[in-house]
$ cat structure_5.cif   # mmCIF, C-alpha atoms and all ligand atoms
data_final
loop_
_atom_site.label_atom_id
_atom_site.label_comp_id
_atom_site.auth_asym_id
_atom_site.auth_seq_id
_atom_site.Cartn_x
_atom_site.Cartn_y
_atom_site.Cartn_z
CA MET A 242 -69.26 -30.89 -52.86
CA PHE A 243 -66.92 -29.19 -55.35
CA ARG A 244 -68.03 -25.63 -56.13
CA TRP A 245 -67.37 -23.89 -59.45
CA CYS A 246 -68.13 -20.27 -60.37
CA SER A 247 -70.88 -20.12 -62.99
CA TYR A 248 -69.56 -16.86 -64.40
CA CYS A 249 -65.79 -17.31 -64.82
CA GLN A 250 -65.50 -21.12 -64.44
CA SER A 251 -62.96 -20.94 -61.62
CA PHE A 252 -62.86 -23.61 -58.91
CA MET A 253 -64.09 -22.21 -55.57
CA GLY A 254 -63.13 -25.08 -53.28
CA GLU A 255 -65.11 -27.66 -51.36
CA SER A 256 -68.29 -27.18 -49.36
CA GLU A 257 -70.34 -29.41 -47.05
CA PRO A 258 -71.21 -32.26 -47.25
CA ARG A 259 -67.57 -33.33 -47.69
CA ASP A 260 -68.54 -36.92 -48.56
CA ASN A 261 -70.52 -35.77 -51.61
CA PHE A 262 -68.11 -35.66 -54.57
CA THR A 263 -70.41 -34.02 -57.12
CA LEU A 264 -69.84 -30.64 -58.75
CA THR A 265 -72.06 -27.70 -57.89
CA HIS A 266 -72.36 -24.04 -58.89
CA GLY A 267 -71.77 -20.75 -57.08
CA VAL A 268 -70.47 -17.23 -57.65
CA CYS A 269 -66.85 -16.48 -56.76
CA ALA A 270 -65.75 -13.34 -54.86
CA LYS A 271 -64.47 -11.70 -58.08
CA CYS A 272 -67.76 -12.14 -59.94
CA ARG A 273 -70.05 -11.48 -56.95
CA PRO A 274 -70.08 -7.64 -57.31
CA LYS A 275 -71.21 -7.98 -60.94
CA VAL A 276 -74.11 -10.24 -60.04
CA ARG A 277 -77.21 -8.63 -58.56
CA THR A 278 -79.79 -11.41 -58.72
CA ILE A 279 -79.64 -15.12 -59.41
CA THR A 280 -79.83 -15.46 -63.16
CA GLN A 281 -80.20 -18.39 -65.51
CA GLN A 282 -76.43 -18.07 -66.03
CA GLU A 283 -75.83 -19.03 -62.39
CA LEU A 284 -77.88 -22.16 -62.82
CA GLU A 285 -76.42 -23.08 -66.19
CA GLY A 286 -72.87 -21.67 -66.23
CA VAL A 287 -71.35 -24.74 -64.63
CA MET A 288 -73.29 -27.23 -66.77
CA PRO A 289 -70.47 -27.71 -69.35
CA ILE A 290 -68.01 -28.52 -66.52
CA LYS A 291 -70.50 -30.95 -64.97
CA LEU A 292 -70.95 -32.59 -68.40
CA PHE A 293 -67.16 -32.84 -68.80
CA PHE A 294 -66.97 -34.48 -65.34
CA ASN A 295 -69.84 -36.87 -66.18
CA GLU A 296 -68.24 -37.86 -69.49
CA LEU A 297 -64.95 -38.62 -67.78
CA GLN A 298 -66.81 -40.63 -65.15
CA SER A 299 -68.64 -42.62 -67.87
CA SER A 300 -65.38 -43.29 -69.71
CA ILE A 301 -63.95 -44.73 -66.48
CA LEU A 302 -67.03 -46.93 -66.01
CA SER A 303 -67.02 -48.12 -69.62
CA LEU A 304 -63.32 -48.99 -69.33
CA GLN A 305 -62.19 -46.65 -72.10
CA LYS A 306 -58.60 -45.50 -72.62
CA PHE A 307 -57.73 -42.10 -71.15
CA ASP A 308 -56.39 -39.54 -73.57
CA LYS A 309 -54.55 -36.90 -71.57
CA SER A 310 -54.14 -34.44 -74.43
CA LYS A 311 -57.83 -34.66 -75.32
CA ILE A 312 -58.73 -34.02 -71.68
CA MET A 313 -56.40 -31.01 -71.53
CA ALA A 314 -57.82 -29.66 -74.81
CA GLU A 315 -61.39 -29.94 -73.49
CA ALA A 316 -60.38 -28.24 -70.21
CA ASN A 317 -58.84 -25.43 -72.27
CA ARG A 318 -61.97 -25.08 -74.37
CA LEU A 319 -64.03 -24.80 -71.18
CA ASN A 320 -61.64 -22.15 -69.84
CA ILE A 321 -60.63 -24.34 -66.86
CA ASN A 322 -57.13 -23.55 -65.64
CA ALA A 323 -54.67 -26.34 -64.87
CA ALA A 324 -54.73 -26.06 -61.05
CA ASP A 325 -58.54 -25.97 -61.02
CA LEU A 326 -58.68 -29.00 -63.32
CA LEU A 327 -56.68 -31.00 -60.78
CA ALA A 328 -58.45 -29.79 -57.64
CA GLY A 329 -62.00 -29.42 -58.93
CA VAL A 330 -62.38 -32.18 -61.53
CA MET A 331 -59.66 -34.80 -61.04
CA GLN A 332 -59.86 -34.84 -57.24
CA PRO A 333 -63.62 -35.65 -57.07
CA LEU A 334 -63.13 -38.12 -59.95
CA LEU A 335 -60.47 -39.93 -57.93
CA TYR A 336 -62.84 -40.13 -54.96
CA GLU A 337 -65.58 -41.46 -57.28
CA ILE A 338 -63.15 -44.05 -58.70
CA GLY A 339 -62.45 -45.24 -55.15
CA LYS A 340 -66.20 -45.72 -54.65
CA MET A 341 -66.68 -47.47 -58.04
CA TYR A 342 -63.85 -49.86 -57.22
CA GLN A 343 -65.15 -50.54 -53.73
CA GLU A 344 -68.62 -51.27 -55.15
CA GLY A 345 -67.10 -53.68 -57.71
CA LYS A 346 -68.13 -51.52 -60.71
CA ILE A 347 -64.59 -51.27 -62.15
CA PRO A 348 -61.53 -53.52 -61.97
CA ALA A 349 -58.35 -52.38 -60.18
CA VAL A 350 -56.60 -51.98 -63.53
CA GLN A 351 -58.91 -49.09 -64.43
CA GLU A 352 -58.06 -47.27 -61.20
CA HIS A 353 -54.36 -47.89 -61.86
CA LYS A 354 -54.57 -46.59 -65.44
CA PHE A 355 -56.39 -43.46 -64.34
CA SER A 356 -53.79 -42.96 -61.58
CA MET A 357 -50.97 -43.19 -64.16
CA MET A 358 -52.67 -40.52 -66.24
CA ILE A 359 -53.08 -38.27 -63.18
CA LYS A 360 -49.40 -38.72 -62.37
CA GLU A 361 -48.46 -37.47 -65.85
CA LEU A 362 -50.98 -34.65 -65.65
CA ILE A 363 -49.52 -33.47 -62.34
CA ARG A 364 -46.01 -33.57 -63.82
CA ASP A 365 -47.10 -31.47 -66.85
CA ILE A 366 -49.06 -29.00 -64.74
CA ARG A 367 -46.22 -28.68 -62.22
CA MET A 368 -43.82 -27.67 -65.01
CA GLU A 369 -46.30 -25.17 -66.42
CA LEU A 370 -47.37 -23.60 -63.10
CA LEU A 371 -44.03 -23.44 -61.39
CA ALA A 372 -41.86 -22.49 -64.37
CA ASN A 373 -41.50 -18.85 -63.34
CA ILE A 374 -41.47 -19.26 -59.57
CA PRO A 375 -37.93 -18.91 -58.18
CA GLU A 376 -36.76 -21.64 -55.79
CA LYS A 377 -35.93 -20.43 -52.25
CA GLN A 378 -32.70 -21.69 -50.69
CA ASN A 379 -34.14 -23.07 -47.46
CA THR A 380 -37.06 -25.48 -47.24
CA GLU A 381 -39.92 -24.12 -45.11
CA VAL A 382 -42.38 -27.00 -45.35
CA LEU A 383 -41.78 -30.73 -45.59
CA LEU A 384 -44.74 -32.72 -46.90
CA ALA A 385 -44.64 -36.48 -46.64
CA CYS A 386 -46.89 -39.47 -46.97
CA ALA A 387 -47.28 -41.32 -43.69
CA ASN A 388 -45.04 -44.37 -43.62
CA GLY A 389 -46.78 -47.05 -45.68
CA ASN A 390 -49.03 -44.62 -47.56
CA PHE A 391 -48.62 -44.80 -51.35
CA HIS A 392 -51.27 -42.19 -52.12
CA GLU A 393 -49.18 -39.28 -53.32
CA PHE A 394 -51.66 -37.07 -55.22
CA GLY A 395 -52.91 -35.25 -52.12
CA ILE A 396 -49.47 -33.92 -51.21
CA SER A 397 -48.59 -33.25 -54.86
CA LEU A 398 -51.65 -31.02 -55.10
CA LEU A 399 -50.82 -29.24 -51.84
CA GLU A 400 -47.20 -28.78 -52.95
CA LEU A 401 -48.35 -27.08 -56.15
CA HIS A 402 -50.66 -24.69 -54.32
CA LEU A 403 -48.12 -23.87 -51.59
CA LYS A 404 -45.38 -23.24 -54.15
CA LYS A 405 -47.74 -21.02 -56.14
CA ALA A 406 -48.18 -19.03 -52.91
CA GLY A 407 -44.38 -18.60 -52.67
CA VAL A 408 -43.75 -21.20 -49.94
CA SER A 409 -40.70 -23.41 -50.37
CA VAL A 410 -41.74 -27.04 -50.10
CA GLU A 411 -40.12 -30.44 -50.30
CA SER A 412 -42.28 -33.53 -50.75
CA LEU A 413 -41.43 -37.11 -49.89
CA TYR A 414 -43.30 -40.15 -51.09
CA PRO A 415 -43.56 -42.95 -50.28
CA GLY A 416 -43.17 -42.11 -46.59
CA LEU A 417 -40.17 -42.70 -44.34
CA PRO A 418 -40.01 -44.57 -41.02
CA PRO A 419 -40.93 -42.02 -38.26
CA ASP A 420 -37.42 -41.74 -36.75
CA GLN A 421 -35.86 -41.01 -40.15
CA LEU A 422 -38.54 -38.50 -41.06
CA VAL A 423 -38.09 -36.63 -37.77
CA ALA A 424 -34.29 -36.59 -38.19
CA TYR A 425 -34.62 -35.25 -41.75
CA ALA A 426 -37.12 -32.54 -40.77
CA LYS A 427 -34.79 -31.41 -38.00
CA GLN A 428 -31.85 -31.40 -40.38
CA LEU A 429 -33.80 -29.17 -42.81
CA ASN A 430 -34.99 -27.05 -39.86
CA VAL A 431 -38.45 -26.73 -41.44
CA LYS A 432 -41.27 -24.81 -39.71
CA VAL A 433 -44.05 -27.17 -40.82
CA VAL A 434 -44.24 -30.90 -41.44
CA GLY A 435 -47.41 -32.01 -43.26
CA LEU A 436 -48.28 -35.69 -43.19
CA SER A 437 -50.80 -37.42 -45.42
CA VAL A 438 -52.86 -40.36 -44.20
CA SER A 439 -55.20 -42.32 -46.50
CA MET A 440 -55.99 -45.31 -44.31
CA GLU A 441 -56.72 -45.75 -40.60
CA ASN A 442 -53.77 -48.09 -40.06
CA GLN A 443 -51.37 -45.28 -41.02
CA LEU A 444 -52.49 -43.12 -38.08
CA ALA A 445 -50.13 -44.95 -35.70
CA GLU A 446 -47.17 -43.88 -37.90
CA VAL A 447 -48.21 -40.25 -37.58
CA GLU A 448 -48.72 -40.55 -33.82
CA GLU A 449 -45.18 -41.87 -33.61
CA VAL A 450 -43.82 -38.91 -35.60
CA ALA A 451 -45.61 -36.47 -33.26
CA ARG A 452 -44.34 -38.35 -30.20
CA LEU A 453 -40.74 -38.26 -31.46
CA PHE A 454 -40.97 -34.51 -32.11
CA ASN A 455 -42.49 -33.99 -28.64
CA GLU A 456 -39.60 -35.87 -27.06
CA SER A 457 -36.83 -34.40 -29.20
CA LYS A 458 -34.57 -31.59 -27.98
CA GLY A 459 -34.56 -28.01 -29.31
CA PRO A 460 -36.66 -26.41 -32.03
CA ARG A 461 -39.33 -28.50 -33.66
CA PRO A 462 -41.81 -27.90 -36.46
CA TYR A 463 -45.59 -27.71 -36.38
CA VAL A 464 -47.00 -31.08 -37.42
CA ILE A 465 -50.16 -30.96 -39.49
CA VAL A 466 -51.98 -34.08 -40.63
CA GLY A 467 -54.48 -34.41 -43.49
CA GLY A 468 -55.70 -36.91 -46.04
CA PHE A 469 -58.68 -39.08 -46.83
CA VAL A 470 -58.99 -40.50 -43.30
CA ILE A 471 -58.81 -37.04 -41.71
CA ARG A 472 -61.74 -35.86 -43.85
CA SER A 473 -63.94 -37.82 -41.44
CA THR A 474 -63.74 -37.55 -37.65
CA THR A 475 -60.45 -38.77 -36.21
CA PRO A 476 -59.36 -38.75 -32.53
CA PRO A 477 -56.85 -35.98 -31.68
CA ILE A 478 -53.10 -36.64 -31.81
CA ASP A 479 -50.88 -35.07 -29.14
CA GLY A 480 -48.44 -32.67 -30.81
CA ALA A 481 -50.21 -32.58 -34.18
CA THR A 482 -52.98 -30.51 -35.78
CA LEU A 483 -55.55 -32.52 -37.71
CA PHE A 484 -56.61 -30.58 -40.79
CA SER A 485 -59.73 -31.28 -42.82
CA GLY A 486 -60.15 -27.87 -44.45
CA SER A 487 -59.82 -26.86 -48.08
CA ILE A 488 -56.56 -26.36 -50.00
CA GLU A 489 -57.01 -22.57 -49.78
CA GLU A 490 -57.44 -22.77 -45.99
CA LEU A 491 -54.32 -24.89 -45.72
CA VAL A 492 -52.27 -22.38 -47.73
CA ARG A 493 -53.51 -19.58 -45.41
CA TRP A 494 -52.72 -21.69 -42.31
CA VAL A 495 -49.18 -22.41 -43.50
CA VAL A 496 -48.40 -18.85 -44.55
CA GLU A 497 -49.66 -17.61 -41.15
CA HIS A 498 -47.63 -20.18 -39.16
CA LEU A 499 -44.44 -19.54 -41.13
CA LYS A 500 -44.41 -16.09 -39.51
CA ASP A 501 -44.26 -17.64 -36.01
CA GLN A 502 -41.11 -18.28 -34.01
CA HIS A 503 -39.83 -21.86 -34.14
CA LEU A 504 -41.63 -24.13 -31.67
CA GLU A 505 -39.60 -25.70 -28.87
CA SER A 506 -39.96 -29.41 -28.08
CA THR A 507 -41.63 -30.18 -24.77
CA ALA A 508 -38.50 -32.17 -23.84
CA GLY A 509 -36.68 -28.82 -23.99
C1 LIG A 601 -55.62 -43.36 -56.60
C2 LIG A 601 -55.79 -44.33 -55.45
C3 LIG A 601 -54.81 -45.30 -55.28
C4 LIG A 601 -53.54 -45.35 -56.11
C5 LIG A 601 -52.54 -44.30 -55.60
C6 LIG A 601 -51.71 -43.76 -56.74
C7 LIG A 601 -50.80 -42.67 -56.33
N1 LIG A 601 -49.64 -42.68 -56.97
O1 LIG A 601 -51.08 -41.81 -55.49
C8 LIG A 601 -53.06 -46.82 -55.85
C9 LIG A 601 -53.61 -47.68 -56.96
C10 LIG A 601 -51.55 -47.02 -55.76
C11 LIG A 601 -53.79 -47.13 -54.54
C12 LIG A 601 -53.41 -48.15 -53.72
C13 LIG A 601 -54.15 -48.55 -52.61
N2 LIG A 601 -55.32 -48.07 -52.19
CO1 LIG A 601 -56.07 -46.48 -52.90
N3 LIG A 601 -57.10 -45.06 -53.58
C14 LIG A 601 -56.90 -44.24 -54.57
C15 LIG A 601 -58.09 -43.30 -54.69
C16 LIG A 601 -58.98 -43.81 -55.81
C17 LIG A 601 -57.78 -41.84 -54.94
C18 LIG A 601 -56.82 -41.19 -53.94
C19 LIG A 601 -56.48 -39.81 -54.40
O2 LIG A 601 -55.47 -39.60 -55.05
N4 LIG A 601 -57.38 -38.85 -54.18
C20 LIG A 601 -57.22 -37.46 -54.64
C21 LIG A 601 -56.37 -36.67 -53.65
C22 LIG A 601 -56.09 -35.27 -54.20
O3 LIG A 601 -57.15 -36.55 -52.49
P1 LIG A 601 -56.59 -36.77 -51.00
O4 LIG A 601 -55.50 -37.74 -50.97
O5 LIG A 601 -57.76 -36.99 -50.13
O6 LIG A 601 -55.94 -35.34 -50.67
C23 LIG A 601 -56.71 -34.18 -50.42
C24 LIG A 601 -57.09 -34.03 -48.93
O7 LIG A 601 -57.35 -35.23 -48.27
C25 LIG A 601 -55.97 -33.25 -48.33
N5 LIG A 601 -54.73 -33.89 -47.89
C26 LIG A 601 -54.12 -35.00 -48.32
N6 LIG A 601 -52.95 -35.16 -47.69
C27 LIG A 601 -52.80 -34.14 -46.85
C28 LIG A 601 -51.78 -33.81 -45.97
C29 LIG A 601 -51.88 -32.65 -45.21
C30 LIG A 601 -50.77 -32.28 -44.30
C31 LIG A 601 -53.04 -31.84 -45.31
C32 LIG A 601 -53.16 -30.63 -44.47
C33 LIG A 601 -54.09 -32.17 -46.18
C34 LIG A 601 -53.94 -33.31 -46.95
O8 LIG A 601 -55.61 -32.38 -49.38
C35 LIG A 601 -55.80 -33.00 -50.65
C36 LIG A 601 -56.39 -31.94 -51.56
O9 LIG A 601 -57.68 -31.56 -51.13
C37 LIG A 601 -58.73 -43.45 -53.26
C38 LIG A 601 -60.20 -43.10 -53.21
C39 LIG A 601 -60.45 -41.97 -52.24
N7 LIG A 601 -61.68 -41.86 -51.88
O10 LIG A 601 -59.57 -41.25 -51.83
C40 LIG A 601 -58.37 -44.88 -52.91
C41 LIG A 601 -58.27 -45.27 -51.44
C42 LIG A 601 -57.61 -44.19 -50.61
N8 LIG A 601 -57.38 -46.49 -51.50
C43 LIG A 601 -57.76 -47.40 -50.73
C44 LIG A 601 -57.10 -48.65 -50.61
C45 LIG A 601 -57.78 -49.68 -49.72
C46 LIG A 601 -55.91 -48.91 -51.28
C47 LIG A 601 -55.08 -50.18 -51.23
C48 LIG A 601 -54.96 -50.87 -49.87
C49 LIG A 601 -55.65 -51.13 -52.28
C50 LIG A 601 -55.02 -52.51 -52.31
N9 LIG A 601 -55.81 -53.45 -51.88
O11 LIG A 601 -53.89 -52.65 -52.67
C51 LIG A 601 -53.72 -49.69 -51.74
C52 LIG A 601 -52.92 -49.15 -50.55
C53 LIG A 601 -51.61 -48.61 -50.89
C54 LIG A 601 -50.98 -47.95 -49.70
N10 LIG A 601 -50.27 -48.70 -48.88
O12 LIG A 601 -51.15 -46.76 -49.47
C55 LIG A 601 -58.99 -47.03 -49.90
C56 LIG A 601 -58.67 -46.70 -48.44
C57 LIG A 601 -59.81 -47.11 -47.54
C58 LIG A 601 -59.44 -46.95 -46.10
N11 LIG A 601 -59.77 -45.80 -45.51
O13 LIG A 601 -58.87 -47.82 -45.54
C59 LIG A 601 -59.59 -45.86 -50.76
C60 LIG A 601 -60.35 -44.80 -49.97
C61 LIG A 601 -60.51 -46.49 -51.82
C62 LIG A 601 -61.72 -47.16 -51.23
N12 LIG A 601 -62.83 -46.49 -51.15
O14 LIG A 601 -61.66 -48.30 -50.87
N13 LIG A 601 -54.81 -46.34 -54.35
#
$ encode --input "structure_5.cif" --output "structure tokens"
Amino acid sequence: MFRWCSYCQSFMGESEPRDNFTLTHGVCAKCRPKVRTITQQELEGVMPIKLFFNELQSSILSLQKFDKSKIMAEANRLNINAADLLAGVMQPLLYEIGKMYQEGKIPAVQEHKFSMMIKELIRDIRMELLANIPEKQNTEVLLACANGNFHEFGISLLELHLKKAGVSVESLYPGLPPDQLVAYAKQLNVKVVGLSVSMENQLAEVEEVARLFNESKGPRPYVIVGGFVIRSTTPPIDGATLFSGSIEELVRWVVEHLKDQHLESTAG
């Protein structure tokens, strides 16, 4: 579920069950000290955001056109910041769209049109959020879609959050063949490679990347794998960390691991 603070309307991240894509309410750490008992506000504060989500969902179902500026204006009126809009409204909507399409409730064109709008939204938000963040010279993290994966929004969202946290990130999509990705990561000398997998058949590509890093000579990065498939149970991959946590947990994980010494390949 996607939790929103009833008091300041900030997105608090995901909670269990992870396969439930509805919005729910809570109290964020900043507001918690001000709140002594559960009030009507806690129950009702997130209602306008839920309504906004439901209206967007209905407009997808009724095959309406998406008006990006109207959506942004409504998010502004509701005091939802740009990063929260993407992570806490658009992300669950995308998951819902996947379900609607799978159940035959909407045609593929509707999913495509919504995806085009999200692409533009991410571009706008990226410019706004990252405008004042200076670029570092060296790349610390390389994010890439697994070879054959065309689902780019996951890594775009992670890139935004990592950059906001001061991490220097390069993203690649669509993915590269494993040998080329490994060569490029080594050339950049990055500490972390994050790979995104949306479908089971892309897991073999990621296993191959981990294997090539394991067998390469000299320093190698941490390999971390996430994405829609990894949200459910996936068998372990030798040389890679499977990550199904929230965006905030990922940012903490990366920042922590950037402090480590470079890993050495097992091949020495
Ligand atoms: C939008 C979309 C598309 C768009 C992608 C547009 C784009 N430019 O990205 C288009 C239309 C191109 C598309 C194509 C296809 N899609 Co599609 N798509 C989706 C949809 C609706 C949303 C995906 C999305 O953006 N979600 C929002 C992002 C933010 O979430 P996310 O990717 O999960 O990322 C989050 C986490 O997983 C994590 N994360 C992601 N990556 C990483 C990486 C690291 C390192 C870490 C730590 C974490 C992490 O962090 C993110 C933030 O929380 C999903 C539905 C769904 N349930 O996901 C289907 C879905 C993924 N697609 C699906 C399918 C089948 C396809 C197609 C095969 C359809 C077809 N027949 O052509 C093609 C495949 C293309 C390909 N080779 O990859 C299936 C996959 C089912 C499966 N498991 O096999 C899904 C699940 C829909 C469904 N229910 O059937 N798709």
$ residues_near_point --input "structure_5.cif" --point "(-65.0, -35.5, -64.7)" --cutoff "12 Å" --atoms "all atoms listed in the file" --output "VMD selection string"
chain A and resid 243 262 to 264 288 to 302 307 312 to 313 315 to 316 326 to 338 355
$ residues_around --input "structure_5.cif" --residues "stretch 375-378 of chain A" --least-positions-apart "5" --cutoff "10 Å" --atoms "only C-alpha atoms" --output "JSON, numbers by chain"
{"A": [404, 407, 408, 409, 410]}
$ closest_residue --input "structure_5.cif" --among "A:Ile321, A:Leu370, A:Val466, A:Val496" --to "ligand LIG 601 (chain A)" --atoms "only C-alpha atoms and all ligand atoms"
A:Val466
$ atom_distance --input "structure_5.cif" --atom1 "atom C27 of ligand LIG 601 (chain A)" --atom2 "atom CA of A:Leu483"
9.7 Å
$ residues_near_ligand --input "structure_5.cif" --ligand "ligand LIG 601 (chain A)" --cutoff "7 Å" --atoms "all atoms listed in the file" --output "NGL selection string"
:A and (328 or 332 or 335-340 or 342-343 or 352-353 or 356 or 360 or 384 or 389-396 or 398-399 or 435-441 or 465-472 or 484-485 or 487-488 or 491)
$ closest_residue --input "structure_5.cif" --among "A:Glu255, A:Glu381, A:Glu285, A:Glu344" --to "A:His498" --atoms "all atoms listed in the file"
A:Glu381
$ closest_residue --input "structure_5.cif" --among "A:Ala372, A:Met357, A:Leu403, A:Val447" --to "A:Asn388" --atoms "only C-alpha atoms"
A:Val447
$ decode --input "structure_5.cif" --residues "stretch 449-467 of chain A" --atoms "N, CA and C atoms" --output "mmCIF file, in the first residue's frame"
data_model
loop_
_atom_site.group_PDB
_atom_site.id
_atom_site.type_symbol
_atom_site.label_atom_id
_atom_site.label_comp_id
_atom_site.auth_asym_id
_atom_site.auth_seq_id
_atom_site.Cartn_x
_atom_site.Cartn_y
_atom_site.Cartn_z
ATOM 1 N N GLU A 449 23.766 -13.116 -15.808
ATOM 2 C CA GLU A 449 24.955 -13.072 -16.659
ATOM 3 C C GLU A 449 25.841 -11.873 -16.283
ATOM 4 N N VAL A 450 25.221 -10.736 -16.002
ATOM 5 C CA VAL A 450 25.993 -9.556 -15.582
ATOM 6 C C VAL A 450 26.752 -9.890 -14.297
ATOM 7 N N ALA A 451 26.049 -10.488 -13.321
ATOM 8 C CA ALA A 451 26.697 -10.816 -12.036
ATOM 9 C C ALA A 451 27.835 -11.799 -12.271
ATOM 10 N N ARG A 452 27.603 -12.787 -13.131
ATOM 11 C CA ARG A 452 28.637 -13.798 -13.403
ATOM 12 C C ARG A 452 29.878 -13.134 -14.021
ATOM 13 N N LEU A 453 29.657 -12.227 -14.977
ATOM 14 C CA LEU A 453 30.790 -11.562 -15.629
ATOM 15 C C LEU A 453 31.576 -10.700 -14.639
ATOM 16 N N PHE A 454 30.866 -10.031 -13.730
ATOM 17 C CA PHE A 454 31.582 -9.255 -12.695
ATOM 18 C C PHE A 454 32.369 -10.188 -11.791
ATOM 19 N N ASN A 455 31.732 -11.332 -11.401
ATOM 20 C CA ASN A 455 32.422 -12.292 -10.526
ATOM 21 C C ASN A 455 33.717 -12.771 -11.175
ATOM 22 N N GLU A 456 33.682 -12.964 -12.480
ATOM 23 C CA GLU A 456 34.835 -13.554 -13.163
ATOM 24 C C GLU A 456 35.822 -12.518 -13.697
ATOM 25 N N SER A 457 35.467 -11.231 -13.530
ATOM 26 C CA SER A 457 36.358 -10.198 -14.073
ATOM 27 C C SER A 457 37.542 -9.993 -13.121
ATOM 28 N N LYS A 458 38.543 -9.297 -13.576
ATOM 29 C CA LYS A 458 39.730 -9.049 -12.745
ATOM 30 C C LYS A 458 39.620 -7.664 -12.097
ATOM 31 N N GLY A 459 40.186 -7.517 -10.902
ATOM 32 C CA GLY A 459 40.287 -6.205 -10.262
ATOM 33 C C GLY A 459 39.012 -5.753 -9.577
ATOM 34 N N PRO A 460 38.935 -4.430 -9.315
ATOM 35 C CA PRO A 460 37.791 -3.907 -8.576
ATOM 36 C C PRO A 460 36.490 -4.065 -9.339
ATOM 37 N N ARG A 461 35.452 -4.334 -8.610
ATOM 38 C CA ARG A 461 34.134 -4.506 -9.225
ATOM 39 C C ARG A 461 33.084 -3.809 -8.355
ATOM 40 N N PRO A 462 31.962 -3.450 -8.947
ATOM 41 C CA PRO A 462 30.944 -2.760 -8.143
ATOM 42 C C PRO A 462 30.021 -3.737 -7.421
ATOM 43 N N TYR A 463 29.273 -3.216 -6.455
ATOM 44 C CA TYR A 463 28.131 -3.964 -5.926
ATOM 45 C C TYR A 463 27.093 -4.027 -7.041
ATOM 46 N N VAL A 464 26.423 -5.157 -7.142
ATOM 47 C CA VAL A 464 25.316 -5.252 -8.111
ATOM 48 C C VAL A 464 24.036 -5.394 -7.298
ATOM 49 N N ILE A 465 23.095 -4.503 -7.572
ATOM 50 C CA ILE A 465 21.818 -4.558 -6.857
ATOM 51 C C ILE A 465 20.705 -4.646 -7.905
ATOM 52 N N VAL A 466 19.752 -5.520 -7.645
ATOM 53 C CA VAL A 466 18.715 -5.781 -8.653
ATOM 54 C C VAL A 466 17.338 -5.510 -8.056
ATOM 55 N N GLY A 467 16.529 -4.744 -8.771
ATOM 56 C CA GLY A 467 15.158 -4.460 -8.320
ATOM 57 C C GLY A 467 14.224 -4.453 -9.511
#
